[in-house]
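Trainee: Compact mmCIF, C-alpha atoms, file work.txt:
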```
# COMPACT_ATOMS: atom_id res chain seq x y z
CA MET A 1 -9.19 -37.54 37.98
CA SER A 2 -7.36 -35.57 35.29
CA SER A 3 -8.89 -32.40 33.88
CA LEU A 4 -10.96 -32.33 30.70
CA TYR A 5 -8.14 -30.43 28.96
CA GLU A 6 -5.63 -33.15 29.86
CA ARG A 7 -7.99 -35.96 28.85
CA LEU A 8 -8.50 -34.33 25.46
CA GLY A 9 -4.75 -34.05 24.90
CA GLY A 10 -3.98 -30.43 25.83
CA GLU A 11 -2.57 -27.93 23.36
CA GLY A 12 -1.87 -30.66 20.77
CA ALA A 13 -5.58 -31.50 20.69
CA VAL A 14 -6.50 -27.83 20.27
CA ASN A 15 -4.02 -27.53 17.38
CA ALA A 16 -5.45 -30.65 15.74
CA ALA A 17 -8.99 -29.36 16.06
CA VAL A 18 -8.70 -25.68 15.24
CA GLU A 19 -8.37 -25.72 11.44
CA LEU A 20 -10.89 -28.53 11.09
CA PHE A 21 -13.34 -26.52 13.20
CA TYR A 22 -12.71 -23.26 11.33
CA ARG A 23 -13.28 -25.01 7.95
CA LYS A 24 -16.64 -26.30 9.18
CA VAL A 25 -17.63 -22.84 10.43
CA LEU A 26 -16.68 -21.20 7.10
CA ALA A 27 -18.61 -23.86 5.20
CA ASP A 28 -21.74 -23.35 7.31
CA GLY A 29 -24.10 -20.98 5.53
CA ARG A 30 -25.85 -20.09 8.79
CA ILE A 31 -22.78 -18.41 10.29
CA ALA A 32 -20.14 -18.02 7.56
CA HIS A 33 -21.21 -14.45 6.79
CA PHE A 34 -20.02 -13.28 10.22
CA PHE A 35 -16.50 -14.12 9.03
CA ASP A 36 -16.64 -12.51 5.57
CA ASN A 37 -14.48 -9.51 6.29
CA VAL A 38 -12.17 -10.75 9.00
CA ASP A 39 -8.51 -11.49 8.66
CA MET A 40 -8.13 -15.28 8.63
CA GLU A 41 -4.85 -15.32 10.61
CA SER A 42 -6.17 -13.28 13.50
CA GLN A 43 -9.45 -15.17 13.35
CA ILE A 44 -7.81 -18.58 13.66
CA ALA A 45 -5.89 -17.37 16.71
CA LYS A 46 -9.23 -16.39 18.24
CA GLN A 47 -10.72 -19.77 17.31
CA LYS A 48 -7.78 -21.38 19.06
CA ALA A 49 -8.42 -19.28 22.16
CA PHE A 50 -12.09 -20.27 22.06
CA LEU A 51 -11.28 -23.99 21.73
CA THR A 52 -8.75 -23.75 24.57
CA MET A 53 -11.48 -22.29 26.75
CA ALA A 54 -14.07 -24.87 25.64
CA PHE A 55 -11.58 -27.70 26.26
CA GLY A 56 -11.17 -26.47 29.83
CA GLY A 57 -7.61 -25.27 29.17
CA PRO A 58 -5.74 -22.26 30.54
CA ASN A 59 -7.46 -18.96 29.79
CA ASN A 60 -8.13 -15.73 31.59
CA TYR A 61 -11.24 -14.61 29.78
CA THR A 62 -13.60 -12.40 31.72
CA GLY A 63 -17.27 -11.98 30.94
CA ALA A 64 -16.47 -8.41 29.90
CA ASP A 65 -13.86 -9.65 27.35
CA MET A 66 -16.48 -11.93 25.80
CA ARG A 67 -19.05 -9.13 25.69
CA ASN A 68 -16.69 -6.63 24.09
CA ALA A 69 -15.38 -9.14 21.54
CA HIS A 70 -18.87 -10.01 20.29
CA LYS A 71 -20.73 -6.75 20.67
CA ARG A 72 -20.19 -5.78 17.03
CA LEU A 73 -21.59 -9.14 15.94
CA VAL A 74 -24.62 -8.88 18.20
CA ASP A 75 -25.33 -5.51 16.57
CA LYS A 76 -25.21 -7.35 13.24
CA GLY A 77 -27.82 -9.87 14.39
CA LEU A 78 -25.86 -12.58 16.23
CA ASN A 79 -28.37 -14.64 18.24
CA ASP A 80 -28.97 -18.01 19.92
CA SER A 81 -29.35 -19.86 16.62
CA HIS A 82 -25.81 -18.85 15.63
CA VAL A 83 -24.36 -19.94 18.96
CA ASP A 84 -26.17 -23.27 18.47
CA ALA A 85 -24.59 -23.60 15.03
CA VAL A 86 -21.10 -22.94 16.41
CA ILE A 87 -21.55 -25.56 19.14
CA GLU A 88 -22.90 -28.02 16.58
CA ASN A 89 -19.79 -27.54 14.43
CA LEU A 90 -17.66 -28.00 17.51
CA ASN A 91 -19.42 -31.30 18.23
CA TYR A 92 -18.87 -32.54 14.67
CA THR A 93 -15.20 -31.54 14.85
CA LEU A 94 -14.63 -33.51 18.05
CA ARG A 95 -16.50 -36.55 16.69
CA ASP A 96 -14.33 -36.43 13.53
CA LEU A 97 -11.30 -36.55 15.81
CA GLY A 98 -12.67 -39.58 17.68
CA VAL A 99 -13.33 -37.81 20.98
CA PRO A 100 -15.67 -39.93 23.19
CA ASP A 101 -19.24 -38.74 23.81
CA THR A 102 -18.72 -37.86 27.49
CA GLU A 103 -15.96 -35.37 26.63
CA VAL A 104 -17.89 -33.97 23.67
CA LYS A 105 -20.75 -33.17 26.03
CA GLU A 106 -18.42 -31.54 28.56
CA VAL A 107 -16.90 -29.34 25.85
CA ALA A 108 -20.34 -28.34 24.59
CA ALA A 109 -21.38 -27.45 28.14
CA LEU A 110 -18.29 -25.24 28.61
CA ALA A 111 -18.87 -23.53 25.26
CA ASN A 112 -22.50 -23.02 26.22
CA SER A 113 -21.52 -21.45 29.55
CA VAL A 114 -20.37 -18.24 27.83
CA ARG A 115 -23.53 -17.92 25.70
CA ASP A 116 -25.05 -15.02 27.65
CA ASP A 117 -21.80 -13.06 27.69
CA VAL A 118 -21.27 -13.65 23.96
CA LEU A 119 -24.81 -12.47 23.22
CA ASN A 120 -24.39 -9.47 25.57
CA ARG A 121 -27.37 -10.40 27.76
CA MET B 1 13.47 -5.14 36.93
CA THR B 2 13.78 -5.38 33.18
CA LEU B 3 13.63 -2.29 31.04
CA ILE B 4 11.28 -2.16 28.06
CA ARG B 5 11.37 0.74 25.62
CA HIS B 6 7.98 1.41 24.12
CA GLU B 7 6.91 4.33 21.90
CA GLY B 8 9.61 6.60 23.19
CA GLY B 9 9.02 5.80 26.87
CA ALA B 10 10.67 3.34 29.22
CA VAL B 11 8.70 0.84 31.28
CA ASP B 12 10.11 -1.30 34.09
CA VAL B 13 8.81 -4.85 34.14
CA ALA B 14 8.83 -6.22 37.69
CA PRO B 15 10.08 -9.77 38.36
CA GLY B 16 7.31 -12.23 37.49
CA GLU B 17 5.30 -9.54 35.73
CA THR B 18 4.38 -9.85 32.05
CA VAL B 19 5.07 -7.12 29.50
CA LEU B 20 1.32 -6.69 29.01
CA GLU B 21 0.76 -6.27 32.76
CA ALA B 22 3.55 -3.68 32.92
CA LEU B 23 2.18 -1.72 29.95
CA LEU B 24 -1.35 -1.69 31.40
CA ARG B 25 -0.01 -0.77 34.86
CA VAL B 26 1.65 2.40 33.54
CA GLY B 27 -1.46 3.35 31.60
CA VAL B 28 -0.59 2.25 28.05
CA ASN B 29 -3.77 1.35 26.20
CA ALA B 30 -2.37 -1.96 24.89
CA PRO B 31 -4.85 -4.20 23.05
CA HIS B 32 -5.38 -7.61 24.66
CA SER B 33 -7.99 -10.27 25.28
CA CYS B 34 -7.25 -13.83 26.44
CA ARG B 35 -4.11 -13.05 28.51
CA ALA B 36 -3.00 -16.65 27.95
CA GLY B 37 -1.03 -16.48 24.70
CA ASN B 38 -3.81 -17.85 22.53
CA CYS B 39 -5.74 -15.06 20.85
CA HIS B 40 -2.77 -12.94 19.56
CA SER B 41 -4.68 -9.69 20.23
CA CYS B 42 -1.70 -8.21 22.12
CA LEU B 43 0.95 -9.07 19.47
CA HIS B 44 4.04 -6.81 19.48
CA ARG B 45 7.44 -6.87 17.80
CA ALA B 46 10.86 -6.57 19.41
CA ILE B 47 13.26 -4.55 17.23
CA ASP B 48 16.04 -4.67 19.80
CA GLY B 49 16.65 -7.45 22.31
CA ALA B 50 15.36 -11.03 22.07
CA PRO B 51 11.94 -11.99 23.43
CA PRO B 52 11.98 -15.24 25.49
CA PRO B 53 11.14 -18.21 23.19
CA GLU B 54 8.06 -19.16 25.22
CA SER B 55 6.57 -15.73 24.47
CA GLN B 56 6.61 -16.66 20.74
CA SER B 57 4.66 -19.88 21.22
CA GLY B 58 2.02 -20.43 18.53
CA LEU B 59 3.46 -17.80 16.16
CA THR B 60 4.56 -18.66 12.63
CA ASP B 61 8.22 -19.19 11.76
CA ALA B 62 8.16 -15.93 9.82
CA GLN B 63 6.75 -14.03 12.79
CA ARG B 64 9.35 -15.50 15.13
CA ALA B 65 12.14 -14.59 12.72
CA MET B 66 10.88 -11.00 12.71
CA GLY B 67 10.86 -10.72 16.52
CA TYR B 68 7.11 -10.89 17.07
CA PHE B 69 6.02 -12.05 20.53
CA LEU B 70 2.99 -12.11 22.84
CA PRO B 71 3.26 -9.57 25.70
CA CYS B 72 0.64 -11.41 27.78
CA ILE B 73 2.95 -14.42 28.23
CA CYS B 74 6.27 -12.55 28.03
CA ARG B 75 8.36 -12.28 31.21
CA PRO B 76 11.54 -10.74 29.84
CA LYS B 77 14.97 -11.31 31.40
CA THR B 78 16.84 -8.82 29.23
CA PRO B 79 15.96 -5.33 27.95
CA MET B 80 13.94 -5.00 24.76
CA THR B 81 12.68 -2.23 22.51
CA ILE B 82 9.21 -3.09 21.31
CA LEU B 83 6.79 -1.74 18.71
CA ARG B 84 3.13 -2.26 17.94
CA PRO B 85 2.80 -4.77 15.08
CA ASP B 86 1.94 -2.18 12.42
CA ASP B 87 4.67 0.29 13.45
CA LEU B 88 7.55 0.19 10.95
CA GLY B 89 10.00 2.06 13.18
CA ALA B 90 12.56 4.63 12.09
CA SER B 91 13.29 5.25 8.40
CA LEU B 92 16.62 5.20 6.56
CA GLU B 93 17.86 7.33 3.68
CA ALA B 94 17.65 5.63 0.28
CA ILE B 95 19.38 6.91 -2.86
CA VAL B 96 17.75 6.28 -6.22
CA ARG B 97 20.04 4.19 -8.47
CA ALA B 98 17.76 3.49 -11.43
CA ILE B 99 14.19 3.73 -12.70
CA ASP B 100 13.50 1.49 -15.70
CA PRO B 101 10.33 0.39 -17.47
CA LEU B 102 9.29 -3.26 -17.05
CA SER B 103 6.10 -2.96 -19.11
CA ASP B 104 3.73 -0.27 -20.43
CA ASP B 105 2.76 0.84 -16.94
CA ILE B 106 5.15 -0.89 -14.53
CA VAL B 107 8.56 0.48 -13.59
CA ARG B 108 11.45 -1.02 -11.68
CA LEU B 109 12.83 1.25 -8.98
CA ARG B 110 16.22 0.45 -7.50
CA VAL B 111 17.40 2.35 -4.45
CA GLU B 112 20.43 1.95 -2.22
CA ALA B 113 19.80 2.02 1.52
CA GLU B 114 22.93 1.20 3.47
CA GLY B 115 22.44 -1.15 6.40
CA PHE B 116 18.81 -1.93 5.59
CA ALA B 117 18.22 -5.57 6.58
CA TYR B 118 15.33 -7.49 5.00
CA ARG B 119 14.19 -10.78 3.52
CA PRO B 120 13.20 -10.97 -0.17
CA GLY B 121 9.40 -10.70 -0.42
CA GLN B 122 8.95 -8.37 2.55
CA PHE B 123 7.68 -4.85 1.96
CA VAL B 124 8.90 -1.39 2.86
CA GLU B 125 7.31 1.98 3.29
CA LEU B 126 8.84 4.24 0.67
CA SER B 127 8.52 7.91 1.36
CA ALA B 128 9.11 10.78 -1.01
CA GLY B 129 7.99 13.41 1.47
CA GLU B 130 6.02 13.73 4.71
CA ASP B 131 2.67 13.17 3.01
CA LEU B 132 3.76 10.88 0.18
CA LYS B 133 4.29 7.34 1.47
CA ARG B 134 3.53 4.00 -0.14
CA HIS B 135 4.21 0.34 0.58
CA TYR B 136 6.17 -1.69 -1.96
CA SER B 137 7.43 -5.28 -1.89
CA LEU B 138 11.06 -6.19 -2.43
CA ALA B 139 12.13 -8.33 -5.39
CA SER B 140 15.84 -7.98 -4.64
CA HIS B 141 18.06 -10.28 -2.58
CA PRO B 142 20.22 -8.73 0.16
CA GLU B 143 23.10 -11.13 -0.51
CA GLU B 144 23.06 -10.69 -4.28
CA ASP B 145 21.99 -7.11 -4.85
CA ALA B 146 23.47 -3.85 -3.57
CA PHE B 147 20.05 -2.21 -3.96
CA LEU B 148 16.41 -2.63 -2.96
CA GLU B 149 14.28 -3.43 -5.99
CA MET B 150 10.58 -2.52 -6.20
CA HIS B 151 8.11 -3.02 -9.06
CA ILE B 152 5.68 -0.16 -9.22
CA ARG B 153 2.55 0.20 -11.32
CA LEU B 154 2.13 3.76 -12.58
CA HIS B 155 -1.40 4.99 -12.04
CA HIS B 156 -2.61 7.83 -14.19
CA ASP B 157 -3.55 10.09 -11.33
CA GLY B 158 -1.31 8.62 -8.65
CA ARG B 159 0.85 11.16 -6.85
CA MET B 160 3.72 8.73 -6.23
CA SER B 161 3.35 7.50 -9.82
CA ARG B 162 3.71 10.98 -11.23
CA HIS B 163 6.60 11.70 -8.91
CA LEU B 164 8.37 8.54 -10.10
CA ALA B 165 7.62 9.06 -13.77
CA GLU B 166 8.17 12.80 -14.06
CA GLU B 167 10.48 14.01 -11.33
CA LEU B 168 12.60 11.36 -9.69
CA GLN B 169 16.11 10.77 -11.06
CA ALA B 170 19.14 8.70 -10.18
CA GLY B 171 20.91 10.26 -7.22
CA ASP B 172 17.73 11.67 -5.65
CA LYS B 173 17.02 10.85 -2.03
CA LEU B 174 14.02 8.98 -0.63
CA ARG B 175 13.44 7.28 2.71
CA VAL B 176 12.56 3.65 3.48
CA ALA B 177 11.07 2.25 6.69
CA GLY B 178 10.49 -1.35 7.65
CA PRO B 179 10.72 -4.05 6.50
CA SER B 180 7.42 -5.67 7.28
CA GLY B 181 5.33 -8.57 6.01
CA SER B 182 5.68 -12.31 6.47
CA CYS B 183 5.76 -13.23 2.79
CA PHE B 184 9.29 -14.65 2.72
CA TYR B 185 11.13 -17.97 2.57
CA GLU B 186 11.07 -19.09 6.20
CA GLY B 187 9.80 -22.29 7.77
CA VAL B 188 9.79 -24.03 4.38
CA HIS B 189 11.44 -27.46 3.95
CA THR B 190 13.73 -27.62 0.95
CA ASP B 191 11.80 -30.58 -0.44
CA GLN B 192 8.32 -29.12 0.17
CA PRO B 193 6.17 -28.21 -2.85
CA MET B 194 5.94 -24.43 -3.23
CA LEU B 195 2.98 -22.68 -4.76
CA LEU B 196 3.46 -19.01 -5.69
CA ILE B 197 0.42 -17.15 -7.02
CA GLY B 198 0.31 -13.45 -7.79
CA ALA B 199 -1.12 -10.85 -10.11
CA GLY B 200 0.30 -7.61 -11.46
CA THR B 201 3.15 -6.26 -9.36
CA GLY B 202 2.37 -9.05 -6.88
CA LEU B 203 5.12 -10.70 -8.88
CA ALA B 204 7.77 -8.59 -7.10
CA PRO B 205 7.64 -10.39 -3.74
CA LEU B 206 7.16 -13.76 -5.46
CA TYR B 207 10.23 -13.11 -7.61
CA GLY B 208 12.19 -12.32 -4.43
CA VAL B 209 10.89 -15.45 -2.70
CA LEU B 210 11.68 -17.60 -5.76
CA ARG B 211 15.27 -16.35 -5.87
CA ASP B 212 15.67 -16.84 -2.12
CA ALA B 213 14.27 -20.39 -2.34
CA LEU B 214 16.65 -21.34 -5.16
CA ARG B 215 19.58 -19.76 -3.33
CA SER B 216 18.62 -21.76 -0.24
CA GLY B 217 18.87 -25.00 -2.26
CA HIS B 218 15.13 -25.62 -2.51
CA HIS B 219 14.65 -28.79 -4.57
CA GLY B 220 10.92 -29.46 -4.09
CA PRO B 221 8.67 -28.50 -7.00
CA ILE B 222 7.96 -24.76 -7.34
CA ARG B 223 5.01 -23.56 -9.40
CA LEU B 224 4.72 -19.84 -10.07
CA TYR B 225 1.43 -18.48 -11.44
CA HIS B 226 1.51 -14.88 -12.60
CA GLY B 227 -1.65 -13.15 -13.73
CA ALA B 228 -2.00 -9.97 -15.76
CA ARG B 229 -4.77 -8.09 -17.53
CA SER B 230 -3.01 -8.58 -20.87
CA GLY B 231 0.06 -10.29 -22.27
CA LYS B 232 1.96 -7.02 -22.01
CA GLY B 233 1.53 -7.09 -18.24
CA LEU B 234 3.44 -10.36 -17.96
CA TYR B 235 6.69 -8.57 -17.21
CA LEU B 236 9.92 -10.46 -16.48
CA SER B 237 8.48 -13.37 -18.45
CA ASP B 238 11.73 -13.95 -20.37
CA GLU B 239 13.74 -14.18 -17.15
CA LEU B 240 11.17 -16.45 -15.50
CA GLN B 241 10.91 -18.68 -18.57
CA ALA B 242 14.72 -18.99 -18.57
CA ILE B 243 14.74 -20.00 -14.87
CA SER B 244 11.94 -22.47 -15.56
CA ASN B 245 13.85 -23.97 -18.51
CA ALA B 246 17.09 -24.24 -16.56
CA ARG B 247 15.60 -25.85 -13.45
CA ASP B 248 13.72 -29.14 -13.42
CA ASN B 249 11.77 -28.16 -10.32
CA VAL B 250 10.57 -24.71 -11.42
CA ASP B 251 7.41 -24.30 -13.47
CA TYR B 252 6.38 -20.81 -14.62
CA ARG B 253 2.71 -20.46 -15.60
CA PRO B 254 1.80 -17.02 -16.95
CA CYS B 255 -1.91 -16.18 -17.25
CA ALA B 256 -3.23 -13.17 -19.17
CA PHE B 257 -6.92 -12.32 -19.53
CA ASP B 258 -8.10 -13.80 -22.81
CA PRO B 259 -11.63 -15.03 -23.54
CA ALA B 260 -10.18 -17.89 -25.57
CA ALA B 261 -7.84 -19.16 -22.83
CA PRO B 262 -8.88 -21.76 -20.25
CA HIS B 263 -10.73 -19.97 -17.39
CA GLY B 264 -10.49 -16.79 -19.47
CA GLY B 265 -6.88 -16.50 -18.37
CA ASP B 266 -7.91 -15.77 -14.78
CA VAL B 267 -4.92 -16.61 -12.61
CA ALA B 268 -6.90 -17.62 -9.51
CA ALA B 269 -9.24 -19.94 -11.41
CA THR B 270 -6.34 -21.42 -13.39
CA ALA B 271 -4.27 -22.11 -10.28
CA LEU B 272 -7.21 -23.47 -8.28
CA ASP B 273 -8.09 -25.82 -11.12
CA ALA B 274 -4.53 -27.13 -11.47
CA GLU B 275 -3.70 -27.34 -7.75
CA GLN B 276 -6.03 -29.95 -6.30
CA SER B 277 -3.70 -31.22 -3.60
CA VAL B 278 -2.37 -28.39 -1.47
CA SER B 279 -2.24 -29.72 2.09
CA ASP B 280 1.58 -30.10 2.05
CA ALA B 281 2.43 -27.01 0.03
CA ALA B 282 4.15 -23.84 1.20
CA ILE B 283 1.93 -21.18 -0.34
CA PHE B 284 2.70 -17.54 -1.18
CA LEU B 285 -0.10 -15.24 -2.39
CA CYS B 286 0.47 -11.64 -3.52
CA GLY B 287 -1.72 -9.18 -5.36
CA GLY B 288 -4.95 -7.26 -4.97
CA GLU B 289 -7.06 -7.73 -1.88
CA ASN B 290 -9.88 -9.65 -3.59
CA LEU B 291 -7.54 -12.07 -5.30
CA VAL B 292 -5.58 -12.81 -2.14
CA LYS B 293 -8.71 -13.20 -0.01
CA ARG B 294 -10.34 -15.56 -2.49
CA LEU B 295 -7.25 -17.73 -2.92
CA LYS B 296 -6.50 -17.87 0.79
CA ARG B 297 -9.99 -18.99 1.66
CA ASP B 298 -10.31 -21.49 -1.19
CA LEU B 299 -6.89 -23.04 -0.56
CA PHE B 300 -7.60 -23.26 3.17
CA MET B 301 -10.97 -24.92 2.56
CA ARG B 302 -9.19 -27.34 0.23
CA GLY B 303 -6.90 -28.49 3.03
CA ALA B 304 -3.98 -26.05 3.13
CA SER B 305 -2.96 -25.13 6.66
CA LEU B 306 -3.15 -21.40 7.38
CA LYS B 307 0.36 -21.45 8.80
CA ASN B 308 1.56 -22.61 5.39
CA ILE B 309 -0.12 -19.70 3.60
CA ARG B 310 1.89 -16.48 3.50
CA SER B 311 0.24 -13.58 1.83
CA ASP B 312 0.44 -9.92 1.03
CA ALA B 313 -2.64 -8.09 -0.17
CA PHE B 314 -2.00 -4.79 -1.91
CA THR B 315 -4.40 -2.04 -1.00
CA PRO B 316 -4.78 1.08 -3.13
CA ALA B 317 -3.35 4.32 -1.80
CA ARG B 318 -5.89 6.53 -0.04
```
What's the structure tokens form of this structure?

Mentor:
Amino acid sequence: MSSLYERLGGEGAVNAAVELFYRKVLADGRIAHFFDNVDMESQIAKQKAFLTMAFGGPNNYTGADMRNAHKRLVDKGLNDSHVDAVIENLNYTLRDLGVPDTEVKEVAALANSVRDDVLNR
Amino acid sequence: MTLIRHEGGAVDVAPGETVLEALLRVGVNAPHSCRAGNCHSCLHRAIDGAPPPESQSGLTDAQRAMGYFLPCICRPKTPMTILRPDDLGASLEAIVRAIDPLSDDIVRLRVEAEGFAYRPGQFVELSAGEDLKRHYSLASHPEEDAFLEMHIRLHHDGRMSRHLAEELQAGDKLRVAGPSGSCFYEGVHTDQPMLLIGAGTGLAPLYGVLRDALRSGHHGPIRLYHGARSGKGLYLSDELQAISNARDNVDYRPCAFDPAAPHGGDVAATALDAEQSVSDAAIFLCGGENLVKRLKRDLFMRGASLKNIRSDAFTPAR
């Protein structure tokens, strides 16, 4: 059985999804304000890293990396509802790209697996 | 072992080791996160020696051309000298050739800096003393001009402004460091539509990019929007109108604030209204921070790919 990352199409799939996903996030009033003052180029690289992780692709993130990267946002009020919104946008992105339900659920589960680290709990 | 020079020190990279691992091993506090070449947190630039191509994966064409690479996926085979991304490196002497007015409050500074390599549209750090340094974009072309050309707005209380307006003369010496910035003609297809939008002295890099594009045989449509607070601020308009008249593919669209004009003469609103289809365009944005941020976000949301948007936001001197 090939890995989730391979089934989704690897780096090409991440590249196809990343801008679509970022547009949805920026258009989502629930979470857009977290991105108001960030540099879009460095942010899209981070979105790509996040999607690579959620797609089951190569990454070396540690829980501590996730905690440090989001600590500032947690201080600004980042909570479960915002993580839910991000995962929802991820689901819509994958559906737009025609990814089958089984894989969409696997991606959501992987994204969800870092929730506690992201929220510094 | 491969030798890496970094901030004055030398670091040996062991076989199979990445540059990031080597830097961290010797105690350099190098920023990093994903360690897989995705997040770009560890970005560095090689100013001597060539980074392996795989260490530039995912970077823009402009970044690759400037020697940027990702230390976390870089296993170098040959020596390199590397800098942090915001480090401009050593400076060169520059001799003032001319200072001429372009409008009421904008001057054109031309300096000669022998051996200074750059691409039109990049910016330099100009220094007139240890504590007097500013960033300016280049409107000149290295293959056509023997000088670096900068367009500088004179601020009433600006120290560099006063220095330029009251003290500096032809023959005086300054220093330039850099270049930096990814706002130049790279990774553009010659038949691709080009969209250049700028305000004030944001025209300088766009003027450089326009000249470079035409020199490179660009034949896709080029639309240049230049915004100013008043008609007098639309400097170089005669030259740009002449280029526009002489070339079928160049369209110059000046916008000056005017309550009677469409969109009040606001360059961002005018360009956004006229440019509905931007997903294929090579986009260059230069001007104040708010203008650049607004345009970048709106054009991205409208379908432009971020890798097609090159921008330079001018920040006021502190």

Trainee: List every residue of chain B that has an atom at most 7 Å from any atom of chain A, giving for each one its closest atom pair and the distance in Å to one decimal, counting all atoms listed in the file, sorted by chain and then by ascending residue number, as CSV.

Mentor:
```
residue,atom,partner,partner_atom,distance
B:Ser33,CA,A:Asp65,CA,6.3
B:Cys34,CA,A:Tyr61,CA,5.3
B:Arg35,CA,A:Asn60,CA,5.7
B:Ala36,CA,A:Asn59,CA,5.3
B:Asn38,CA,A:Ala49,CA,4.8
B:Cys39,CA,A:Lys46,CA,4.6
B:His40,CA,A:Ala45,CA,6.1
B:Met301,CA,A:Arg23,CA,5.9
```

Trainee: Distance cut-off 12 Å, centre (10.8, 5.6, 22.9) in file coordinates, counting all atoms listed in the file: which residues qualify? Return them as JSON, numbers by chain.

Mentor: {"B": [3, 4, 5, 6, 7, 8, 9, 10, 11, 47, 48, 80, 81, 82, 83, 89, 90]}

Trainee: Can you spit out the residues from that selection as a PDB file, keeping the file's coordinate frame, using C-alpha atoms?

Mentor:
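Output contents, as saved in again_13.pdb:
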```pdb
ATOM      1  CA  LEU B   3      13.630  -2.290  31.040  1.00  0.00           C
ATOM      2  CA  ILE B   4      11.280  -2.160  28.060  1.00  0.00           C
ATOM      3  CA  ARG B   5      11.370   0.740  25.620  1.00  0.00           C
ATOM      4  CA  HIS B   6       7.980   1.410  24.120  1.00  0.00           C
ATOM      5  CA  GLU B   7       6.910   4.330  21.900  1.00  0.00           C
ATOM      6  CA  GLY B   8       9.610   6.600  23.190  1.00  0.00           C
ATOM      7  CA  GLY B   9       9.020   5.800  26.870  1.00  0.00           C
ATOM      8  CA  ALA B  10      10.670   3.340  29.220  1.00  0.00           C
ATOM      9  CA  VAL B  11       8.700   0.840  31.280  1.00  0.00           C
ATOM     10  CA  ILE B  47      13.260  -4.550  17.230  1.00  0.00           C
ATOM     11  CA  ASP B  48      16.040  -4.670  19.800  1.00  0.00           C
ATOM     12  CA  MET B  80      13.940  -5.000  24.760  1.00  0.00           C
ATOM     13  CA  THR B  81      12.680  -2.230  22.510  1.00  0.00           C
ATOM     14  CA  ILE B  82       9.210  -3.090  21.310  1.00  0.00           C
ATOM     15  CA  LEU B  83       6.790  -1.740  18.710  1.00  0.00           C
ATOM     16  CA  GLY B  89      10.000   2.060  13.180  1.00  0.00           C
ATOM     17  CA  ALA B  90      12.560   4.630  12.090  1.00  0.00           C
TER      18      ALA B  90
END
```

Trainee: I need the residue nearest B:Pro262 from this list: B:Ala274, B:Cys286, B:Ala22, B:Gly171. Use only C-alpha atoms for the distance.

Mentor: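 The answer is B:Ala274, which sits nearest to B:Pro262.
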
Trainee: Please measure the separation of atom CA of A:Val86 and atom CA of A:Ile31, giving the value in Å to one decimal.

Mentor: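 Calculated distance between atom CA of A:Val86 and atom CA of A:Ile31 is 7.8 Å.
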
Trainee: Just want the 12 Å neighbourhood of B:Arg162, counted on only C-alpha atoms, with same-chain residues fewer than 4 positions away dropped. Output as a PyMOL selection string.

Mentor: chain B and resi 105+107+128+132+152-158+166-168

Trainee: Do you know which residues are at most 12 Å from A:Asp116 counting only C-alpha atoms, after dropping those on the same chain fewer than 2 positions away, and could you put them as a PyMOL selection string?

Mentor: chain A and resi 63-64+66-67+70-71+74+78-80+83+111-114+118-121

Trainee: Taking (-5.0, 2.3, -1.4) as a centre in this file's frame and 12 Å as the limit, can you find every polymer residue with an atom that close, using all atoms listed in the file, and give them as a list of chain:residue names?

Mentor: B:Lys133, B:Arg134, B:His135, B:Tyr136, B:His155, B:Gly158, B:Arg159, B:Met160, B:Gly288, B:Glu289, B:Ala313, B:Phe314, B:Thr315, B:Pro316, B:Ala317, B:Arg318

Trainee: Measuring between only C-alpha atoms, which one of B:His218, B:His141, B:Arg302, B:Arg25 shows the shortest distance to B:Arg110?

Mentor: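 Of B:His218, B:His141, B:Arg302, B:Arg25, the one nearest B:Arg110, counting only C-alpha atoms, is B:His141.
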
Trainee: Pull stretch 21-28 of chain A out of the block and emit N, CA and C atoms, as a compact mmCIF listing (two decimals), in the first residue's frame.

Mentor:
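Printed below is result_25.txt as written:
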```
# COMPACT_ATOMS: atom_id res chain seq x y z
N PHE A 21 -5.54 26.89 -0.93
CA PHE A 21 -5.77 26.82 0.52
C PHE A 21 -5.55 28.18 1.19
N TYR A 22 -4.45 28.83 0.82
CA TYR A 22 -4.12 30.12 1.44
C TYR A 22 -5.18 31.17 1.09
N ARG A 23 -5.70 31.14 -0.16
CA ARG A 23 -6.78 32.08 -0.53
C ARG A 23 -8.01 31.86 0.35
N LYS A 24 -8.35 30.59 0.58
CA LYS A 24 -9.52 30.30 1.42
C LYS A 24 -9.31 30.80 2.85
N VAL A 25 -8.12 30.60 3.36
CA VAL A 25 -7.80 31.03 4.73
C VAL A 25 -7.92 32.57 4.83
N LEU A 26 -7.35 33.27 3.83
CA LEU A 26 -7.38 34.74 3.87
C LEU A 26 -8.78 35.29 3.68
N ALA A 27 -9.65 34.49 3.04
CA ALA A 27 -11.02 34.95 2.81
C ALA A 27 -11.94 34.57 3.96
N ASP A 28 -11.41 33.85 4.94
CA ASP A 28 -12.24 33.36 6.05
C ASP A 28 -12.15 34.33 7.24
```
